[in-house]
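This is structure-v2.tsv (TSV, C-alpha atoms).
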chain	number	residue	atom	x	y	z
B	1	MET	CA	84.21	-6.84	-31.47
B	2	ASP	CA	80.96	-4.90	-31.47
B	3	LYS	CA	81.57	-3.11	-28.18
B	4	ILE	CA	84.36	-2.19	-25.78
B	5	LYS	CA	83.44	-2.35	-22.11
B	6	ARG	CA	86.79	-3.02	-20.42
B	7	ILE	CA	90.24	-1.87	-21.52
B	8	LEU	CA	93.54	-2.95	-20.00
B	9	ALA	CA	96.01	-0.08	-20.52
B	10	VAL	CA	99.60	-1.20	-19.97
B	11	VAL	CA	101.58	1.64	-18.38
B	12	ASP	CA	105.30	2.15	-18.94
B	13	PRO	CA	107.00	4.00	-16.06
B	14	THR	CA	110.16	4.59	-18.14
B	15	VAL	CA	108.51	7.05	-20.53
B	16	GLU	CA	106.96	10.44	-20.00
B	17	GLN	CA	104.17	10.17	-22.57
B	18	GLN	CA	101.80	7.29	-21.86
B	19	GLN	CA	100.50	6.46	-25.34
B	20	SER	CA	98.52	3.51	-24.02
B	21	LEU	CA	96.58	5.72	-21.62
B	22	SER	CA	95.99	8.41	-24.24
B	23	ARG	CA	94.61	5.92	-26.78
B	24	SER	CA	92.59	4.08	-24.12
B	25	ILE	CA	91.04	7.34	-22.93
B	26	GLU	CA	90.20	8.31	-26.51
B	27	LEU	CA	88.45	4.96	-27.05
B	28	ALA	CA	86.75	5.02	-23.65
B	29	ARG	CA	85.27	8.45	-24.27
B	30	LYS	CA	83.69	7.16	-27.47
B	31	SER	CA	82.62	3.74	-26.17
B	32	GLY	CA	81.94	4.31	-22.47
B	33	ALA	CA	84.51	1.65	-21.54
B	34	GLN	CA	86.14	1.31	-18.14
B	35	ILE	CA	89.96	1.42	-18.11
B	36	THR	CA	92.29	-0.52	-15.84
B	37	ALA	CA	95.71	1.16	-15.75
B	38	PHE	CA	98.09	-1.77	-15.27
B	39	LEU	CA	101.73	-1.79	-14.23
B	40	SER	CA	104.02	-4.78	-13.75
B	41	ILE	CA	107.22	-4.03	-11.83
B	42	TYR	CA	110.17	-6.02	-10.56
B	43	ASP	CA	113.52	-5.17	-9.05
B	44	PHE	CA	115.92	-8.07	-8.78
B	45	SER	CA	117.96	-6.23	-6.14
B	46	TYR	CA	115.15	-6.75	-3.63
B	47	GLU	CA	115.45	-10.50	-4.06
B	48	MET	CA	119.22	-10.31	-3.65
B	49	THR	CA	119.17	-8.37	-0.39
B	50	THR	CA	120.30	-11.35	1.65
B	51	MET	CA	121.04	-9.26	4.71
B	52	LEU	CA	117.31	-8.71	5.15
B	53	SER	CA	114.84	-11.27	6.36
B	54	ALA	CA	112.03	-12.57	4.16
B	55	GLU	CA	109.59	-10.39	6.10
B	56	GLU	CA	111.73	-7.28	5.55
B	57	ARG	CA	112.04	-7.98	1.82
B	58	GLU	CA	108.28	-8.44	1.60
B	59	ALA	CA	107.78	-5.13	3.39
B	60	MET	CA	110.10	-3.43	0.89
B	61	ARG	CA	108.17	-4.92	-2.04
B	62	LYS	CA	104.88	-3.76	-0.58
B	63	ALA	CA	106.29	-0.26	-0.13
B	64	VAL	CA	107.36	-0.13	-3.79
B	65	LEU	CA	103.98	-1.45	-4.95
B	66	SER	CA	102.17	1.11	-2.80
B	67	GLU	CA	104.32	3.94	-4.20
B	68	LYS	CA	103.60	2.90	-7.79
B	69	GLU	CA	99.92	2.46	-7.04
B	70	GLN	CA	99.78	6.03	-5.76
B	71	TRP	CA	101.65	7.22	-8.85
B	72	LEU	CA	99.10	5.50	-11.08
B	73	LYS	CA	96.19	7.05	-9.19
B	74	THR	CA	97.78	10.50	-9.57
B	75	LEU	CA	98.36	9.84	-13.26
B	76	THR	CA	94.74	8.89	-13.91
B	77	HIS	CA	93.00	11.23	-11.47
B	78	GLN	CA	93.02	14.13	-13.92
B	79	TYR	CA	90.64	12.30	-16.27
B	80	GLN	CA	87.37	12.75	-14.42
B	81	ASP	CA	85.20	11.88	-17.41
B	82	VAL	CA	86.62	8.33	-17.68
B	83	GLN	CA	86.13	5.47	-15.22
B	84	PHE	CA	89.53	4.19	-14.06
B	85	ASP	CA	90.83	1.29	-11.99
B	86	THR	CA	94.52	0.88	-11.19
B	87	LYS	CA	96.52	-2.27	-10.57
B	88	VAL	CA	100.21	-2.82	-9.81
B	89	VAL	CA	101.74	-6.30	-9.62
B	90	TRP	CA	105.21	-7.61	-8.75
B	91	HIS	CA	106.34	-9.88	-11.58
B	92	ASN	CA	109.67	-10.50	-13.32
B	93	ARG	CA	108.03	-11.21	-16.70
B	94	PRO	CA	105.78	-8.28	-17.73
B	95	PHE	CA	104.15	-10.10	-20.65
B	96	GLU	CA	103.14	-12.97	-18.37
B	97	ALA	CA	101.73	-10.58	-15.78
B	98	ILE	CA	99.64	-8.90	-18.50
B	99	ILE	CA	98.36	-12.18	-19.92
B	100	ARG	CA	97.55	-13.53	-16.44
B	101	GLU	CA	95.51	-10.39	-15.83
B	102	VAL	CA	93.70	-10.90	-19.16
B	103	LEU	CA	92.99	-14.56	-18.38
B	104	GLY	CA	91.61	-13.69	-14.96
B	105	HIS	CA	89.31	-10.88	-16.10
B	106	ASP	CA	87.00	-10.10	-18.97
B	107	TYR	CA	88.91	-7.48	-20.98
B	108	ASP	CA	87.76	-6.56	-24.47
B	109	LEU	CA	91.04	-4.89	-25.44
B	110	VAL	CA	94.65	-4.64	-24.29
B	111	VAL	CA	96.38	-1.37	-25.19
B	112	LYS	CA	100.16	-1.01	-25.03
B	113	GLY	CA	102.46	1.76	-26.19
B	114	THR	CA	105.43	1.09	-28.46
B	115	HIS	CA	108.79	2.85	-28.45
B	116	GLN	CA	109.62	5.39	-31.13
B	117	HIS	CA	113.18	5.43	-32.48
B	118	ASP	CA	113.73	9.18	-32.87
B	119	THR	CA	116.63	8.89	-35.30
B	120	LEU	CA	115.11	6.30	-37.62
B	121	LYS	CA	111.54	7.61	-37.20
B	122	SER	CA	110.31	4.05	-36.81
B	123	VAL	CA	108.75	1.90	-34.11
B	124	ILE	CA	110.81	-0.43	-31.95
B	125	PHE	CA	108.95	-3.43	-30.56
B	126	THR	CA	110.20	-4.79	-27.24
B	127	PRO	CA	110.41	-8.48	-26.29
B	128	THR	CA	107.27	-7.91	-24.21
B	129	ASP	CA	105.45	-6.68	-27.33
B	130	TRP	CA	106.42	-9.81	-29.28
B	131	HIS	CA	105.36	-12.13	-26.46
B	132	LEU	CA	101.98	-10.38	-26.31
B	133	ILE	CA	101.57	-10.55	-30.10
B	134	ARG	CA	102.14	-14.30	-29.98
B	135	LYS	CA	100.39	-15.24	-26.74
B	136	CYS	CA	97.81	-12.65	-25.62
B	137	PRO	CA	94.31	-14.08	-26.14
B	138	ALA	CA	92.56	-10.68	-26.11
B	139	PRO	CA	92.73	-8.18	-28.99
B	140	LEU	CA	96.03	-6.30	-28.64
B	141	LEU	CA	96.35	-2.68	-29.74
B	142	LEU	CA	99.97	-1.52	-30.09
B	143	VAL	CA	100.05	2.27	-30.34
B	144	LYS	CA	102.41	5.02	-31.37
B	145	ASP	CA	102.49	8.58	-30.09
B	146	HIS	CA	100.07	10.19	-32.53
B	147	ASN	CA	96.40	11.08	-32.87
B	148	TRP	CA	93.70	9.35	-34.89
B	149	PRO	CA	92.30	12.18	-37.05
B	150	VAL	CA	88.75	12.06	-38.36
B	151	GLY	CA	88.78	10.45	-41.79
B	152	GLY	CA	92.04	8.56	-41.18
B	153	ALA	CA	92.56	5.20	-42.89
B	154	VAL	CA	91.86	1.97	-41.00
B	155	VAL	CA	93.20	-1.07	-42.87
B	156	ALA	CA	91.81	-4.60	-42.57
B	157	ALA	CA	94.49	-7.06	-43.73
B	158	VAL	CA	92.97	-10.31	-45.05
B	159	ASN	CA	93.48	-13.22	-47.41
B	160	ALA	CA	90.01	-13.26	-48.89
B	161	SER	CA	90.55	-16.31	-51.11
B	162	SER	CA	91.38	-18.83	-48.39
B	163	ASP	CA	89.20	-21.95	-48.37
B	164	ASP	CA	90.10	-22.85	-44.79
B	165	GLU	CA	87.13	-22.35	-42.45
B	166	GLN	CA	89.31	-20.97	-39.64
B	167	HIS	CA	90.87	-18.46	-42.01
B	168	GLN	CA	87.48	-17.44	-43.38
B	169	ALA	CA	86.18	-16.91	-39.85
B	170	LEU	CA	89.27	-14.85	-39.00
B	171	ASN	CA	88.76	-12.78	-42.17
B	172	GLN	CA	85.27	-11.93	-40.96
B	173	ARG	CA	86.57	-11.11	-37.50
B	174	ILE	CA	89.31	-8.84	-38.87
B	175	VAL	CA	86.89	-6.90	-41.08
B	176	GLN	CA	84.20	-6.65	-38.39
B	177	ASP	CA	86.64	-5.36	-35.78
B	178	ALA	CA	88.26	-2.95	-38.24
B	179	LYS	CA	84.81	-1.69	-39.21
B	180	PHE	CA	83.86	-1.20	-35.56
B	181	ILE	CA	87.06	0.74	-34.80
B	182	ALA	CA	86.67	2.82	-37.98
B	183	GLN	CA	83.12	3.77	-36.98
B	184	LEU	CA	84.22	4.53	-33.41
B	185	ALA	CA	87.13	6.70	-34.58
B	186	GLN	CA	85.24	8.15	-37.57
B	187	GLY	CA	87.85	6.70	-39.92
B	188	ASP	CA	87.71	5.29	-43.46
B	189	LEU	CA	87.87	1.51	-43.75
B	190	HIS	CA	90.10	-0.12	-46.38
B	191	LEU	CA	90.50	-3.79	-47.29
B	192	VAL	CA	93.96	-5.07	-48.28
B	193	ASN	CA	94.65	-8.48	-49.80
B	194	ALA	CA	98.10	-9.69	-50.90
B	195	TYR	CA	98.49	-12.70	-53.16
B	196	PRO	CA	101.59	-14.72	-54.10
B	197	ALA	CA	103.48	-14.37	-57.36
B	198	THR	CA	103.98	-17.27	-59.76
B	199	PRO	CA	106.53	-19.74	-58.35
B	200	VAL	CA	109.65	-19.41	-60.51
B	201	ASN	CA	110.49	-23.12	-60.37
B	202	ILE	CA	107.16	-24.04	-62.00
B	203	ALA	CA	107.82	-21.82	-65.00
B	204	ILE	CA	111.29	-23.34	-65.39
B	205	GLU	CA	110.36	-27.00	-64.90
B	206	ILE	CA	107.19	-27.04	-67.02
B	207	PRO	CA	107.91	-25.64	-70.51
B	208	GLU	CA	104.26	-25.45	-71.55
B	209	PHE	CA	103.37	-23.49	-68.40
B	210	ASN	CA	102.06	-19.99	-69.17
B	211	PRO	CA	103.01	-17.73	-66.24
B	212	SER	CA	101.11	-14.71	-67.60
B	213	GLN	CA	97.87	-16.66	-67.87
B	214	TYR	CA	98.46	-18.18	-64.44
B	215	ASN	CA	99.07	-14.74	-62.92
B	216	GLU	CA	95.87	-13.37	-64.44
B	217	THR	CA	93.87	-16.33	-63.13
B	218	VAL	CA	95.27	-15.96	-59.60
B	219	LYS	CA	94.73	-12.20	-59.65
B	220	GLU	CA	91.15	-12.59	-60.83
B	221	HIS	CA	90.45	-15.15	-58.13
B	222	HIS	CA	91.76	-12.85	-55.38
B	223	LEU	CA	89.97	-9.83	-56.83
B	224	ASN	CA	86.64	-11.67	-56.90
B	225	SER	CA	87.12	-13.02	-53.37
B	226	THR	CA	88.03	-9.57	-52.06
B	227	ARG	CA	85.09	-7.94	-53.84
B	228	GLU	CA	82.76	-10.53	-52.32
B	229	LEU	CA	84.14	-9.97	-48.82
B	230	GLY	CA	84.02	-6.20	-49.27
B	231	ALA	CA	80.41	-6.35	-50.49
B	232	GLN	CA	79.40	-8.30	-47.38
B	233	HIS	CA	80.58	-5.40	-45.22
B	234	GLY	CA	79.66	-2.48	-47.45
B	235	ILE	CA	83.25	-1.53	-48.34
B	236	ALA	CA	83.44	0.43	-51.59
B	237	THR	CA	85.57	-1.11	-54.35
B	238	HIS	CA	87.90	1.91	-54.42
B	239	HIS	CA	88.71	1.08	-50.79
B	240	GLN	CA	89.68	-2.49	-51.71
B	241	HIS	CA	93.35	-3.05	-52.53
B	242	VAL	CA	94.53	-6.31	-54.12
B	243	GLU	CA	98.22	-6.54	-54.97
B	244	GLU	CA	100.70	-9.23	-55.92
B	245	GLY	CA	103.48	-9.86	-53.43
B	246	LEU	CA	104.29	-11.03	-49.94
B	247	PRO	CA	102.16	-9.59	-47.11
B	248	GLU	CA	105.26	-8.18	-45.41
B	249	ASP	CA	105.91	-6.13	-48.56
B	250	VAL	CA	102.39	-5.28	-49.68
B	251	LEU	CA	100.80	-4.27	-46.37
B	252	PRO	CA	103.43	-1.72	-45.24
B	253	ARG	CA	103.51	-0.23	-48.74
B	254	ILE	CA	99.75	0.28	-48.92
B	255	ALA	CA	99.57	1.44	-45.30
B	256	LYS	CA	102.19	4.09	-46.04
B	257	LYS	CA	100.44	5.10	-49.26
B	258	LEU	CA	97.15	5.55	-47.39
B	259	ASP	CA	98.91	7.21	-44.44
B	260	SER	CA	97.05	4.69	-42.28
B	261	GLU	CA	96.32	5.26	-38.62
B	262	LEU	CA	95.69	1.58	-37.87
B	263	VAL	CA	96.19	-1.85	-39.44
B	264	VAL	CA	93.99	-4.69	-38.16
B	265	MET	CA	95.41	-8.17	-38.72
B	266	GLY	CA	95.34	-11.74	-37.46
B	267	THR	CA	98.43	-13.22	-35.83
B	268	VAL	CA	97.77	-16.96	-35.57
B	269	GLY	CA	97.01	-19.48	-38.30
B	270	ARG	CA	97.39	-23.16	-39.00
B	271	THR	CA	98.85	-23.56	-42.49
B	272	GLY	CA	99.76	-21.66	-45.62
B	273	LEU	CA	99.68	-18.01	-46.55
B	274	SER	CA	96.53	-17.03	-44.70
B	275	ALA	CA	94.62	-14.10	-43.33
B	276	ALA	CA	96.26	-15.10	-40.09
B	277	LEU	CA	99.68	-14.18	-41.47
B	278	VAL	CA	101.31	-17.24	-40.02
B	279	GLY	CA	104.37	-17.18	-37.80
B	280	ASN	CA	107.27	-15.04	-38.93
B	281	THR	CA	105.18	-13.46	-41.67
B	282	ALA	CA	103.06	-11.68	-39.06
B	283	GLU	CA	106.15	-10.49	-37.24
B	284	HIS	CA	107.78	-9.19	-40.44
B	285	VAL	CA	104.58	-7.30	-41.31
B	286	ILE	CA	104.18	-5.77	-37.85
B	287	ASP	CA	107.85	-4.82	-37.71
B	288	SER	CA	107.50	-2.96	-41.04
B	289	LEU	CA	104.39	-0.96	-40.16
B	290	ASP	CA	104.81	2.61	-39.01
B	291	CYS	CA	101.32	2.94	-37.55
B	292	ASP	CA	99.13	1.44	-34.82
B	293	VAL	CA	98.44	-2.29	-35.06
B	294	LEU	CA	95.44	-4.21	-33.75
B	295	ALA	CA	96.46	-7.88	-33.51
B	296	LEU	CA	93.68	-10.46	-33.31
B	297	LYS	CA	93.61	-14.15	-32.50
B	298	PRO	CA	91.15	-16.60	-34.09
B	299	ASP	CA	88.03	-17.56	-32.16
B	300	GLY	CA	88.81	-20.42	-29.81
B	301	TYR	CA	92.47	-19.48	-29.43
B	302	HIS	CA	94.07	-20.63	-26.18
B	303	SER	CA	97.16	-18.89	-24.84
B	304	PRO	CA	100.12	-21.13	-23.90
B	305	LEU	CA	99.86	-19.61	-20.42
B	306	GLU	CA	96.51	-21.33	-19.96
B	307	ASP	CA	98.20	-24.74	-19.90
Transcribe the structure of this file into structure tokens.
Amino acid sequence: MDKIKRILAVVDPTVEQQQSLSRSIELARKSGAQITAFLSIYDFSYEMTTMLSAEEREAMRKAVLSEKEQWLKTLTHQYQDVQFDTKVVWHNRPFEAIIREVLGHDYDLVVKGTHQHDTLKSVIFTPTDWHLIRKCPAPLLLVKDHNWPVGGAVVAAVNASSDDEQHQALNQRIVQDAKFIAQLAQGDLHLVNAYPATPVNIAIEIPEFNPSQYNETVKEHHLNSTRELGAQHGIATHHQHVEEGLPEDVLPRIAKKLDSELVVMGTVGRTGLSAALVGNTAEHVIDSLDCDVLALKPDGYHSPLED
């Protein structure tokens, strides 16, 4: 991502504060992007109104869509310095409506607000969020209700030592996009790499195995790989963090320590512990982060909805 021209901002009519619009406007003002305020609505009661004819039910749906369209226009009209489009669709699966919109148009970024649990002070991800994380082909920015201050930390989460070409390409993509966002938001870019601990069963089954030496070798390998990746992108060594542990433990811990505004990470991979944070690992990481998340797919990714 070296530019943002079109942003799809997913609006939530159930909340008063539209974090997705706020973050989209902030990015649009800095990038000159055009925003499409998008709302997917559905009311099963309209389908169940059997006393009405098909034509009457269609008229009712159109009336609801028109009302929401007008609400969106009112919501966005106050921002005269940003170019807005609005779109309301009738769909019983919001995530599918969003992805269909992405597949049909050339969006650089999808922005969606998350729900804050006031008592626990943590983020709650909805089923729609998880579907988008897994299936949205465009970069997905999940936002909280907070500002991005100048000098805030932007974290690029990678596995710098992977030999897989797809993982290496995704590493580059993660760092490049994180660097772009950091420059746009005037933030400080950090590189985070987690590496696995020594498997306990190896130390037990092989008496001559030296776990300390093995740990040092693995650590050195990951440090060198991270330094090399950081040097390619001009990231200072004191902004490179290499720690032993699972990504779902290491990333949230470092993000909290840095008081990060944003973590940029990949969400699809093929095998192993990768920069893509395969499968449930990605979901455990995202669920543990108390900051904005930019979720990226590898180049060439095809959403299941394209089939």
Contacts of stretch 216-305 of chain B with stretch 147-166 of chain B up to 6 Å, shortest pair per row, all atoms listed in the file, as JSON lines:
{"residue": "B:His222", "atom": "CA", "partner": "B:Ser161", "partner_atom": "CA", "distance": 5.6}
{"residue": "B:Ser225", "atom": "CA", "partner": "B:Ser161", "partner_atom": "CA", "distance": 5.3}
{"residue": "B:Thr226", "atom": "CA", "partner": "B:Ala160", "partner_atom": "CA", "distance": 5.3}
{"residue": "B:Ser260", "atom": "CA", "partner": "B:Ala153", "partner_atom": "CA", "distance": 4.6}
{"residue": "B:Glu261", "atom": "CA", "partner": "B:Ala153", "partner_atom": "CA", "distance": 5.7}
{"residue": "B:Leu262", "atom": "CA", "partner": "B:Val154", "partner_atom": "CA", "distance": 5.0}
{"residue": "B:Val263", "atom": "CA", "partner": "B:Val155", "partner_atom": "CA", "distance": 4.6}
{"residue": "B:Val264", "atom": "CA", "partner": "B:Ala156", "partner_atom": "CA", "distance": 4.9}
{"residue": "B:Met265", "atom": "CA", "partner": "B:Ala157", "partner_atom": "CA", "distance": 5.2}
{"residue": "B:Ser274", "atom": "CA", "partner": "B:Asn159", "partner_atom": "CA", "distance": 5.6}
{"residue": "B:Ala275", "atom": "CA", "partner": "B:Asn159", "partner_atom": "CA", "distance": 4.3}
Find the smallest box with edges along x, y and z containing every listed atom of stretch 138-148 of chain B, then add 8 Å on each side and report centre and edge lengths in Å to one decimal, as lines of an AutoDock Vina configuration file.
center_x = 97.5
center_y = 0.2
center_z = -30.5
size_x = 25.9
size_y = 37.8
size_z = 24.8
List as a list in words the protein and nucleic acid residues near B:Leu65, meaning an atom at most 10 Å away when only C-alpha atoms are counted, but skip any in the same chain fewer than 5 places from it. Leu39, Ser40, Ile41, Tyr42, Ala59, Met60, Gln70, Trp71, Lys87, Val88, Val89 and Trp90 of chain B
Which neighbours of B:Glu248 fall inside 9 Å, counting all atoms listed in the file, when residues of the same chain fewer than 5 positions from it are skipped, and could you give them as a tab-separated table (two decimals) with C-alpha atoms, in the coordinates of the input?
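part_12.tsv was written with the following content:
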chain	number	residue	atom	x	y	z
B	253	ARG	CA	103.51	-0.23	-48.74
B	281	THR	CA	105.18	-13.46	-41.67
B	282	ALA	CA	103.06	-11.68	-39.06
B	283	GLU	CA	106.15	-10.49	-37.24
B	284	HIS	CA	107.78	-9.19	-40.44
B	285	VAL	CA	104.58	-7.30	-41.31
B	286	ILE	CA	104.18	-5.77	-37.85
B	287	ASP	CA	107.85	-4.82	-37.71
B	288	SER	CA	107.50	-2.96	-41.04
B	289	LEU	CA	104.39	-0.96	-40.16
Distance in Å - atom CA of B:Lys73 versus atom CA of B:Ala185: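 Distance between the two atoms: 27.0 Å.
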Excluding B:Ser20 and its own-chain neighbours fewer than 2 positions away, which residues fall within 6 Å of it when counting only C-alpha atoms? Please give them as a PyMOL selection string. chain B and resi 9+18+22-24+111-113
Writer output for current selection, C-alpha atoms, as a PDB file, keeping the file's coordinate frame:
ATOM      1  CA  ALA B   9      96.010  -0.080 -20.520  1.00  0.00           C
ATOM      2  CA  GLN B  18     101.800   7.290 -21.860  1.00  0.00           C
ATOM      3  CA  SER B  22      95.990   8.410 -24.240  1.00  0.00           C
ATOM      4  CA  ARG B  23      94.610   5.920 -26.780  1.00  0.00           C
ATOM      5  CA  SER B  24      92.590   4.080 -24.120  1.00  0.00           C
ATOM      6  CA  VAL B 111      96.380  -1.370 -25.190  1.00  0.00           C
ATOM      7  CA  LYS B 112     100.160  -1.010 -25.030  1.00  0.00           C
ATOM      8  CA  GLY B 113     102.460   1.760 -26.190  1.00  0.00           C
TER       9      GLY B 113
END
Rounded to one decimal place, report the atom CA of B:Pro13-atom CA of B:Glu101 distance in Å.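 Atom-to-atom, atom CA of B:Pro13 to atom CA of B:Glu101, that is 18.4 Å.
The nearest approach to B:Gly187 among the residues B:Asn224, B:Asp259, B:Asp108, B:Leu52, with only C-alpha atoms taken into account, belongs to B:Asp259.
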